[in-house]
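Q: My structure is stored as entry_38.txt, with compact mmCIF, C-alpha atoms.
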```
# COMPACT_ATOMS: atom_id res chain seq x y z
CA MET E 1151 0.00 0.00 0.00
CA SER E 1152 1.28 3.42 -0.89
CA GLN E 1153 2.42 5.94 1.64
CA PRO E 1154 1.17 9.58 1.36
CA VAL E 1155 2.86 11.66 -1.30
CA ALA E 1156 3.59 15.35 -0.98
CA ALA E 1157 1.31 17.59 -3.00
CA ALA E 1158 4.12 18.59 -5.33
CA ALA E 1159 5.06 14.99 -6.16
CA SER E 1160 5.12 14.14 -9.85
CA LEU E 1161 6.26 11.37 -12.14
CA GLU E 1162 9.58 13.16 -12.63
CA ASP E 1163 10.13 13.27 -8.86
CA VAL E 1164 9.74 9.51 -8.71
CA THR E 1165 12.40 8.82 -11.34
CA GLU E 1166 15.27 10.97 -10.10
CA SER E 1167 18.59 9.19 -10.45
CA ILE E 1168 20.04 7.09 -7.67
CA ILE E 1169 21.76 4.14 -9.30
CA PHE E 1170 20.93 0.69 -7.96
CA PRO E 1171 23.71 -1.90 -7.79
CA PRO E 1172 23.37 -4.83 -10.19
CA GLY E 1173 21.91 -8.11 -9.00
CA ASP E 1174 18.94 -8.96 -6.80
CA ILE E 1175 17.13 -6.08 -5.14
CA TYR E 1176 15.04 -6.70 -2.08
CA SER E 1177 11.51 -5.37 -1.84
CA ASP E 1178 11.17 -2.32 0.39
CA GLU E 1179 7.51 -2.08 1.37
CA PRO E 1180 5.89 -0.98 4.65
CA PRO E 1181 3.44 -3.28 6.45
CA LEU E 1182 -0.12 -3.27 5.22
CA GLU E 1183 -2.35 -0.76 6.93
CA SER E 1184 -4.81 -3.07 8.69
CA ASP E 1185 -5.89 -6.68 9.20
CA LEU E 1186 -8.77 -6.01 6.82
CA HIS E 1187 -6.42 -4.94 4.03
CA ARG E 1188 -4.04 -7.85 4.65
CA GLU E 1189 -6.82 -10.43 4.71
CA GLN E 1190 -8.34 -9.06 1.51
CA ILE E 1191 -5.07 -9.11 -0.40
CA ASP E 1192 -4.19 -12.57 0.91
CA LEU E 1193 -7.57 -13.80 -0.30
CA LEU E 1194 -6.96 -12.51 -3.83
CA ILE E 1195 -3.50 -14.08 -3.97
CA ARG E 1196 -4.69 -17.46 -2.74
CA VAL E 1197 -7.67 -17.53 -5.09
CA ILE E 1198 -5.77 -16.61 -8.27
CA LYS E 1199 -2.96 -19.06 -7.50
CA TRP E 1200 -5.48 -21.82 -6.88
CA TRP E 1201 -7.48 -20.95 -10.00
CA TRP E 1202 -4.31 -21.08 -12.09
CA ARG E 1203 -2.66 -23.91 -10.15
CA ASP E 1204 -1.85 -25.83 -13.33
CA ARG E 1205 -0.23 -22.84 -15.04
CA GLN E 1206 3.48 -22.04 -14.92
CA ASP E 1207 3.41 -18.85 -17.00
CA PHE E 1208 2.41 -16.16 -14.52
CA TYR E 1209 3.57 -14.36 -11.39
CA ALA E 1210 1.11 -13.09 -8.78
CA THR E 1211 2.12 -11.37 -5.58
CA ASP E 1212 1.25 -8.61 -3.14
CA ASN E 1213 2.89 -5.61 -1.50
CA LEU E 1214 6.12 -6.07 -3.48
CA THR E 1215 8.34 -3.29 -4.80
CA ILE E 1216 8.49 -2.86 -8.57
CA TYR E 1217 11.82 -1.39 -9.69
CA PHE E 1218 11.17 -0.08 -13.17
CA SER E 1219 14.39 1.80 -13.97
CA PRO E 1220 18.04 1.40 -12.93
CA ASN E 1221 17.92 5.14 -12.26
CA GLN E 1222 14.74 4.94 -10.22
CA LYS E 1223 14.69 6.97 -7.05
CA LYS E 1224 14.57 4.68 -4.05
CA SER E 1225 12.34 6.49 -1.60
CA GLU E 1226 8.99 6.26 0.12
CA GLU E 1227 7.42 8.42 -2.58
CA ILE E 1228 6.40 5.41 -4.65
CA ARG E 1229 5.44 2.00 -3.33
CA GLY E 1230 4.70 -1.30 -4.98
CA PRO E 1231 1.14 -2.31 -5.81
CA ASP E 1232 -0.92 -4.10 -3.20
CA PHE E 1233 -1.68 -6.87 -5.70
CA PHE E 1234 -0.35 -7.47 -9.19
CA VAL E 1235 -0.15 -10.18 -11.83
CA VAL E 1236 2.41 -10.53 -14.62
CA LEU E 1237 1.55 -12.86 -17.48
CA ASP E 1238 3.86 -14.82 -19.79
CA THR E 1239 6.62 -15.02 -17.23
CA GLU E 1240 8.23 -17.69 -15.07
CA LYS E 1241 6.31 -18.80 -11.99
CA LYS E 1242 8.93 -18.57 -9.24
CA ASP E 1243 9.64 -16.74 -5.98
CA ARG E 1244 11.21 -13.28 -6.21
CA LYS E 1245 12.66 -10.71 -3.80
CA SER E 1246 11.13 -7.89 -5.84
CA TRP E 1247 9.99 -7.27 -9.39
CA VAL E 1248 12.90 -5.76 -11.31
CA VAL E 1249 11.64 -4.82 -14.76
CA TRP E 1250 15.01 -4.67 -16.51
CA GLN E 1251 15.79 -8.18 -15.22
CA GLU E 1252 12.39 -9.49 -16.34
CA ASN E 1253 12.67 -8.82 -20.10
CA GLY E 1254 11.09 -5.41 -19.61
CA LYS E 1255 7.79 -6.86 -18.41
CA TYR E 1256 5.40 -4.80 -16.30
CA PRO E 1257 2.28 -6.02 -14.49
CA ASN E 1258 -0.69 -6.92 -16.65
CA VAL E 1259 -3.10 -6.34 -13.78
CA ILE E 1260 -2.80 -4.15 -10.68
CA ILE E 1261 -5.25 -3.85 -7.77
CA GLU E 1262 -4.77 -1.24 -5.07
CA MET E 1263 -6.52 -1.32 -1.68
CA LEU E 1264 -7.71 2.16 -0.80
CA SER E 1265 -7.45 3.73 2.64
CA ASP E 1266 -7.85 7.27 3.96
CA SER E 1267 -4.09 7.80 3.77
CA THR E 1268 -3.49 6.29 0.31
CA ALA E 1269 -6.63 6.92 -1.77
CA SER E 1270 -5.42 10.19 -3.31
CA VAL E 1271 -2.14 8.60 -4.39
CA ASP E 1272 -3.76 5.45 -5.75
CA LYS E 1273 -6.26 7.52 -7.74
CA GLY E 1274 -3.72 10.13 -8.84
CA LEU E 1275 0.03 9.63 -9.07
CA LYS E 1276 0.00 5.84 -9.14
CA LYS E 1277 -2.76 5.75 -11.76
CA GLN E 1278 -0.63 8.10 -13.86
CA ILE E 1279 2.44 5.88 -13.49
CA TYR E 1280 0.50 2.69 -14.23
CA GLN E 1281 -0.95 4.29 -17.36
CA ASN E 1282 2.04 6.18 -18.76
CA THR E 1283 5.07 4.19 -17.55
CA PHE E 1284 3.91 0.67 -16.71
CA ARG E 1285 1.27 0.61 -19.46
CA THR E 1286 -0.59 -1.88 -17.27
CA PRO E 1287 -3.71 -2.87 -19.25
CA ASP E 1288 -6.05 -3.45 -16.27
CA TYR E 1289 -6.02 -1.29 -13.14
CA PHE E 1290 -8.50 -1.57 -10.27
CA TRP E 1291 -8.88 -0.06 -6.86
CA PHE E 1292 -11.00 -1.35 -3.99
CA ASP E 1293 -11.79 0.05 -0.54
CA PRO E 1294 -12.26 -2.82 1.94
CA ASN E 1295 -14.09 -0.47 4.31
CA ASN E 1296 -16.78 1.10 2.12
CA LEU E 1297 -16.54 -1.47 -0.74
CA GLU E 1298 -15.79 1.15 -3.43
CA LEU E 1299 -14.69 -0.67 -6.58
CA GLN E 1300 -13.52 0.99 -9.77
CA GLY E 1301 -11.58 -0.32 -12.74
CA PHE E 1302 -9.85 0.90 -15.89
CA HIS E 1303 -8.57 -0.59 -19.14
CA ILE E 1304 -6.04 1.07 -21.43
CA LEU E 1305 -7.42 2.13 -24.80
CA ASP E 1306 -5.34 4.24 -27.18
CA GLY E 1307 -2.85 4.91 -24.40
CA GLN E 1308 -5.40 6.20 -21.88
CA TYR E 1309 -7.25 4.53 -19.05
CA GLN E 1310 -10.94 4.18 -19.83
CA GLU E 1311 -13.26 3.53 -16.91
CA LEU E 1312 -14.90 0.11 -16.98
CA VAL E 1313 -18.69 -0.08 -16.93
CA PRO E 1314 -19.95 -2.48 -14.24
CA THR E 1315 -22.46 -5.24 -14.94
CA GLU E 1316 -25.89 -5.27 -13.32
CA SER E 1317 -24.26 -7.17 -10.44
CA GLY E 1318 -21.64 -4.42 -10.07
CA TRP E 1319 -18.85 -6.59 -11.45
CA LEU E 1320 -15.94 -5.34 -13.57
CA TRP E 1321 -14.34 -7.35 -16.36
CA SER E 1322 -10.59 -7.96 -16.48
CA GLN E 1323 -9.51 -8.78 -20.02
CA GLN E 1324 -6.10 -9.85 -18.78
CA LEU E 1325 -7.37 -12.30 -16.16
CA ASN E 1326 -10.41 -13.35 -18.18
CA LEU E 1327 -12.35 -12.99 -14.93
CA TYR E 1328 -14.79 -10.57 -13.36
CA LEU E 1329 -14.02 -8.69 -10.14
CA GLY E 1330 -16.94 -8.13 -7.81
CA VAL E 1331 -17.94 -7.88 -4.17
CA GLU E 1332 -19.25 -11.00 -2.45
CA SER E 1333 -20.02 -11.04 1.29
CA GLY E 1334 -18.03 -7.84 1.81
CA LYS E 1335 -14.91 -9.12 0.03
CA LEU E 1336 -13.45 -8.47 -3.42
CA ARG E 1337 -13.63 -11.77 -5.31
CA PHE E 1338 -13.08 -13.20 -8.77
CA PHE E 1339 -15.92 -14.59 -10.89
CA THR E 1340 -15.76 -16.75 -14.00
CA PRO E 1341 -17.04 -15.48 -17.38
CA ASP E 1342 -20.25 -17.46 -16.82
CA GLY E 1343 -20.79 -15.87 -13.42
CA HIS E 1344 -19.55 -18.45 -10.93
CA LEU E 1345 -17.55 -17.48 -7.86
CA VAL E 1346 -13.92 -18.65 -8.01
CA ILE E 1347 -13.54 -20.52 -4.75
CA LEU E 1348 -10.72 -21.87 -2.62
CA PRO E 1349 -10.35 -25.61 -1.92
CA GLU E 1350 -11.56 -25.19 1.65
CA GLU E 1351 -14.61 -23.31 0.38
CA GLU E 1352 -15.28 -26.13 -2.09
CA ALA E 1353 -14.92 -28.66 0.73
CA ASN E 1354 -17.33 -26.63 2.85
CA GLN E 1355 -19.83 -26.52 -0.01
CA GLN E 1356 -19.56 -30.28 -0.42
CA LEU E 1357 -20.08 -30.75 3.32
CA GLN E 1358 -23.15 -28.51 3.24
CA GLN E 1359 -24.53 -30.47 0.28
CA ALA E 1360 -23.89 -33.74 2.11
CA ASN E 1361 -25.65 -32.40 5.19
CA GLN E 1362 -28.62 -31.29 3.08
CA GLN E 1363 -28.82 -34.73 1.47
CA LEU E 1364 -28.66 -36.36 4.91
CA GLN E 1365 -31.43 -34.10 6.20
CA GLN E 1366 -33.57 -34.95 3.17
CA ALA E 1367 -32.92 -38.65 3.71
CA ASN E 1368 -33.86 -38.35 7.39
CA LYS E 1369 -37.07 -36.53 6.46
CA GLN E 1370 -37.94 -39.27 3.99
CA LEU E 1371 -37.27 -41.96 6.60
CA GLU E 1372 -39.43 -40.13 9.11
CA HIS E 1373 -42.17 -39.82 6.51
CA GLU E 1374 -42.01 -43.56 5.79
CA ARG E 1375 -42.03 -44.36 9.54
CA GLN E 1376 -45.15 -42.27 10.06
CA ARG E 1377 -46.86 -43.99 7.12
CA ALA E 1378 -45.97 -47.38 8.57
CA GLU E 1379 -47.39 -46.41 11.98
CA LYS E 1380 -50.66 -45.22 10.40
CA LEU E 1381 -50.96 -48.45 8.43
CA ALA E 1382 -50.31 -50.54 11.55
CA GLU E 1383 -52.96 -48.60 13.46
CA ARG E 1384 -55.53 -49.23 10.73
CA LEU E 1385 -54.74 -52.93 10.82
CA ARG E 1386 -55.24 -53.05 14.56
CA VAL E 1387 -58.59 -51.25 14.21
CA ALA E 1388 -59.57 -53.94 11.70
CA GLY E 1389 -58.61 -56.62 14.23
CA ILE E 1390 -55.40 -57.59 12.48
CA ASP E 1391 -52.11 -57.82 14.33
CA PRO E 1392 -49.50 -56.10 12.16
CA GLU E 1393 -46.81 -58.31 13.62
CA GLN E 1394 -48.49 -61.38 12.22
CA ILE E 1395 -48.49 -60.13 8.64
CA PHE E 1396 -44.78 -60.48 8.09
```
If you took the structure in this file and wrote it as structure tokens, what would it be?

A:
Amino acid sequence: MSQPVAAAASLEDVTESIIFPPGDIYSDEPPLESDLHREQIDLLIRVIKWWWRDRQDFYATDNLTIYFSPNQKKSEEIRGPDFFVVLDTEKKDRKSWVVWQENGKYPNVIIEMLSDSTASVDKGLKKQIYQNTFRTPDYFWFDPNNLELQGFHILDGQYQELVPTESGWLWSQQLNLYLGVESGKLRFFTPDGHLVILPEEEANQQLQQANQQLQQANKQLEHERQRAEKLAERLRVAGIDPEQIF
């Protein structure tokens, strides 16, 4: 999550020259602002990695510094995205995302988690950088507190605001998934409208279905027991001992 930026900050301020040494560069990000933000971002990471568990051609991570120029200014004026995905790259652990060591690749999708202290940066300076420097095709922001969700897709070099569906979902061309709010959380949905779920959620659904089937079976057994009791009572009224029939 971004730290506040001075009012005079600009894209040029962010790219002043302090040369980085060659080799691996560690990420330099502050802790996430709250448990709510951390849990939301962790959910997105876990879901996309599970959804694409058989793929080896992507990198998804959170709160990681993106170094996009060897001359990039290393300061707290620009922070890495809260969540981003890079496509057509090697699926492996990294200390940070160093663009010039990754064949010049930038994120295909970025999602920022808004807060009172970061919203102006996420909607202003960072949106400018993601559009003009990163050229990230899909950019979204989400506020875990008030559930504000907005998204953009680059068209002719400019971010165009995405129009939500009737359900309030936004389409990500890069992920081939919708983003929408479900039970107060930002989630992914398939093109045909199904929630992308985690394995434990799938197991819970299966358990609920099994419980429902068991309840239905118990109701049917109870119904059959009551029918048998009524039949036995009628036999007794007719002077027939039900026990002697079988």

Q: Might you pull out every residue within 7 Å of Asp1232 of chain E, with only C-alpha atoms counted and same-chain residues fewer than 4 positions away left off, and present them as number ranges by chain?

A: E: 1151, 1212-1213, 1261-1263

Q: Could you work out how far atom CA of Asp1288 of chain E lies from atom CA of Phe1302 of chain E, giving the answer in Å with one decimal?

A: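 One can read the atom CA of Phe1302 of chain E to atom CA of Asp1288 of chain E distance as 5.8 Å.
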
Q: Rounded to one decimal in Å, what is the spacing between atom CA of Lys1242 of chain E and atom CA of Arg1203 of chain E?

A: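 So the two atoms, atom CA of Lys1242 of chain E and atom CA of Arg1203 of chain E, lie 12.8 Å apart.
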
Q: From the options E:Leu1299, E:Val1236, E:Leu1348, E:Ala1388, which residue's atoms come nearest to Phe1208 of chain E, counting only C-alpha atoms?

A: E:Val1236

Q: Please report the interatomic distance between atom CA of Leu1336 of chain E and atom CA of Ser1184 of chain E in Å with one decimal.

A: 15.8 Å

Q: Find the residues near Phe1233 of chain E: any atom within 12 Å, counting only C-alpha atoms, skip ones fewer than 6 places away on the same chain, and give them as an mmCIF file with C-alpha atoms, in the frame of the given file.

A:
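Produced file around.cif, reproduced below:
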```
data_model
loop_
_atom_site.group_PDB
_atom_site.id
_atom_site.type_symbol
_atom_site.label_atom_id
_atom_site.label_comp_id
_atom_site.auth_asym_id
_atom_site.auth_seq_id
_atom_site.Cartn_x
_atom_site.Cartn_y
_atom_site.Cartn_z
ATOM 1 C CA MET E 1151 0.000 0.000 0.000
ATOM 2 C CA SER E 1152 1.280 3.420 -0.890
ATOM 3 C CA LEU E 1182 -0.120 -3.270 5.220
ATOM 4 C CA HIS E 1187 -6.420 -4.940 4.030
ATOM 5 C CA ARG E 1188 -4.040 -7.850 4.650
ATOM 6 C CA GLN E 1190 -8.340 -9.060 1.510
ATOM 7 C CA ILE E 1191 -5.070 -9.110 -0.400
ATOM 8 C CA ASP E 1192 -4.190 -12.570 0.910
ATOM 9 C CA LEU E 1193 -7.570 -13.800 -0.300
ATOM 10 C CA LEU E 1194 -6.960 -12.510 -3.830
ATOM 11 C CA ILE E 1195 -3.500 -14.080 -3.970
ATOM 12 C CA ARG E 1196 -4.690 -17.460 -2.740
ATOM 13 C CA ILE E 1198 -5.770 -16.610 -8.270
ATOM 14 C CA TYR E 1209 3.570 -14.360 -11.390
ATOM 15 C CA ALA E 1210 1.110 -13.090 -8.780
ATOM 16 C CA THR E 1211 2.120 -11.370 -5.580
ATOM 17 C CA ASP E 1212 1.250 -8.610 -3.140
ATOM 18 C CA ASN E 1213 2.890 -5.610 -1.500
ATOM 19 C CA LEU E 1214 6.120 -6.070 -3.480
ATOM 20 C CA THR E 1215 8.340 -3.290 -4.800
ATOM 21 C CA ILE E 1216 8.490 -2.860 -8.570
ATOM 22 C CA PRO E 1257 2.280 -6.020 -14.490
ATOM 23 C CA ASN E 1258 -0.690 -6.920 -16.650
ATOM 24 C CA VAL E 1259 -3.100 -6.340 -13.780
ATOM 25 C CA ILE E 1260 -2.800 -4.150 -10.680
ATOM 26 C CA ILE E 1261 -5.250 -3.850 -7.770
ATOM 27 C CA GLU E 1262 -4.770 -1.240 -5.070
ATOM 28 C CA MET E 1263 -6.520 -1.320 -1.680
ATOM 29 C CA LEU E 1264 -7.710 2.160 -0.800
ATOM 30 C CA ASP E 1288 -6.050 -3.450 -16.270
ATOM 31 C CA TYR E 1289 -6.020 -1.290 -13.140
ATOM 32 C CA PHE E 1290 -8.500 -1.570 -10.270
ATOM 33 C CA TRP E 1291 -8.880 -0.060 -6.860
ATOM 34 C CA PHE E 1292 -11.000 -1.350 -3.990
#
```

Q: Pick the closest to Thr1283 of chain E from E:Tyr1256, E:Trp1200, E:Tyr1309, E:Trp1250: which is it, counting all atoms listed in the file?

A: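 Closest to Thr1283 of chain E of all the choices is E:Tyr1256.
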
Q: Restricting the calculation to only C-alpha atoms, which member of E:Lys1335, E:Glu1298, E:Asp1204, E:Tyr1328 is positioned closest to Leu1186 of chain E?

A: E:Lys1335

Q: Find the spatial neighbours of Gly1318 of chain E, counting all atoms listed in the file, within a cut-off of 12 Å - ignore same-chain residues fewer than 6 positions away - and output them as an MDAnalysis selection string.

A: chainID E and resid 1297:1301 1312 1328:1332 1336:1337 1339 1343

Q: Need the shell around Asn1282 of chain E: protein/DNA/RNA residues with any atom at most 10 Å away, counting all atoms listed in the file. Skip same-chain ones fewer than 2 positions apart. Format as a list in words?

A: Leu1161, Lys1276, Lys1277, Gln1278, Ile1279, Tyr1280, Phe1284, Arg1285, Thr1286, Ile1304, Gly1307, Gln1308 and Tyr1309 of chain E

Q: Now that the selection is made, can you save its residues with C-alpha atoms as a tab-separated table (two decimals), in the coordinates of the input?

A:
```
chain	number	residue	atom	x	y	z
E	1161	LEU	CA	6.26	11.37	-12.14
E	1276	LYS	CA	0.00	5.84	-9.14
E	1277	LYS	CA	-2.76	5.75	-11.76
E	1278	GLN	CA	-0.63	8.10	-13.86
E	1279	ILE	CA	2.44	5.88	-13.49
E	1280	TYR	CA	0.50	2.69	-14.23
E	1284	PHE	CA	3.91	0.67	-16.71
E	1285	ARG	CA	1.27	0.61	-19.46
E	1286	THR	CA	-0.59	-1.88	-17.27
E	1304	ILE	CA	-6.04	1.07	-21.43
E	1307	GLY	CA	-2.85	4.91	-24.40
E	1308	GLN	CA	-5.40	6.20	-21.88
E	1309	TYR	CA	-7.25	4.53	-19.05
```

Q: Starting from 6 Å padding per side, set up an axis-aligned box that covers all listed atoms of segment 1304-1309 of chain E and hand over centre and edge lengths in Å, one decimal, as JSON.

A:
```
{"center_x": -5.1, "center_y": 3.6, "center_z": -23.1, "size_x": 16.6, "size_y": 17.1, "size_z": 20.1}
```
